[in-house]
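As structure tokens, the structure follows; a few thoughts come after it.
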Amino acid sequence: MSSLYVISGMAGMTGNEVARQLLRRGDHVIGFDNFFASSMDAISDIIDEPALLFFAYDLDNLAQMADISARVVERKGRYDRVVYINCAAVVHTEWFYNINATFDTNVVGMRRFLEQAILVGADVFINCSTSEVYSMRSWEEGGVRESSPVLIDTAEQSQRTSYAAGKLLTEFFMKDAVDKGLIAGCSIRFANVYSKNERFAKHIIPHILNSLERTGQVTLLENSRENRRTFLHNFDSCAAVLALVDAPGALDGSVYNVATDEEVTILDLVALCARLLGIDDVHVEFEGFRESDPKRRLLSTEKLRGRTEWMPVIALEEGIAQCVEHMRAGA
Ligand SMILES: NC(=O)c1ccc[n+]([C@@H]2O[C@H](COP(=O)([O-])OP(=O)(O)OC[C@H]3O[C@@H](n4cnc5c(N)ncnc54)[C@H](O)[C@@H]3O)[C@@H](O)[C@H]2O)c1
């Protein structure tokens, strides 16, 4: 028997690739998305799969969520396992400052979805959290660990951290549910996931690629003069989700970092993008400053690697080359 997966935010970067990898291995998927930050384009290759049921639904819509719940209950007996994966979230940086919008979906919506999973008797719940919870202590030698204390900027510094504070709260809901024996599961702290088919070019990689392709130049925040980041291809982020789902011992309600250790300066990232686009002479301008933005963010993935076989397989250069190819194919 195969498993039934219920995926919120399925058209997003994580959701669409998780669904793709699951369908490929013969599992069945019920997915939904309200297209807040995605479109049908990202799932056009899988939408007609007989093993996929997809709905244009909103996590915050109680009637629509009741429909999802009823469909799971109706089908549950046909599967050996039911797994909920909560990918829906208000994610992009511009929204981090909008405490009300992020709280409704990211915190209240997550908690309701977890409650639904428990009520239908699902076996596993995967909570997508974020490396943003490390806030201003996002770097240490060898990478920050899940057990490292966080040093979070508060409303005194910037509203930006409201997103991280909300996500941190979801980790407590997850742990509480597992500790009470209601469900198995874990939280995942992703760091800077990118994908070749991001629709809204607000993240740094599509921003750089689109700007360079159009104008041969790019405008970055002042922070980018110094900032370094790691970037995780969505194939690898999703492989980590599935590795955790398949590692019962790992589903103890705790938290897992999911990232690469390939740290680059943002300026080196621009140079890499330019090289892969075939642009020799790049002009970079700096404008604006983002408060509460750590200079470095490096996560240790030792815990994840100790409990699963996961390791990232797509190096940054290969991933950016895919983004370039996809961008040019769609131009
Ligand atoms: N992308 C990253 O770098 C990153 C980093 C850390 C954590 N995360 C977390 O990983 C998870 C997946 O993010 P992603 O990278 O796929 O982002 P994404 O924005 O590509 O996907 C999120 C999806 O959720 C959908 N959505 C938003 N609100 C919804 C609602 N109310 N109802 C239904 N769908 C809704 C969006 O339309 C989008 O398709 C999120 O929880 C996010 O917080 C992402």
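By convention in this document, the chains of the structure tokens carry letters A, B, ... by their order, each chain's residues are numbered from 1, and ligands are numbered from 1 in the order they are shown.
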
**Q.** Secondary structure check, alpha helix (DSSP H) residues of region 110-302 of chain A, as an MDAnalysis selection string
**A.** chainID A and resid 110:119 162:179 204:215 234:245 266:277 302

Q) What do you get as an NGL selection string if you pick all residues at most 8 Å from ligand 1, counting only C-alpha atoms and all ligand atoms? A) :A and (8-16 or 32-39 or 56-61 or 86-92 or 104-106 or 109 or 127-132 or 167 or 188-194 or 198 or 232 or 234)

Q. Given the choices A:Met1, A:Ile85, A:Met174, A:Ile183, which gets closest to Val18 (chain A) if the distance is worked out from only C-alpha atoms?
A.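 Looking at the shortest contact to Val18 (chain A), the residue is A:Ile85.
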
Q: Mind listing the strand (DSSP E) residues of region 109-141 of chain A, per DSSP on the backbone, as an NGL selection string?
A: :A and (124-130)

Q. Of the candidates A:Val124, A:Leu114, A:Lys76, A:Ala165, which one gets nearest to Leu151 (chain A) if we count only C-alpha atoms?
A.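 Checking each of A:Val124, A:Leu114, A:Lys76, A:Ala165 against Leu151 (chain A), counting only C-alpha atoms, the winner is A:Ala165.
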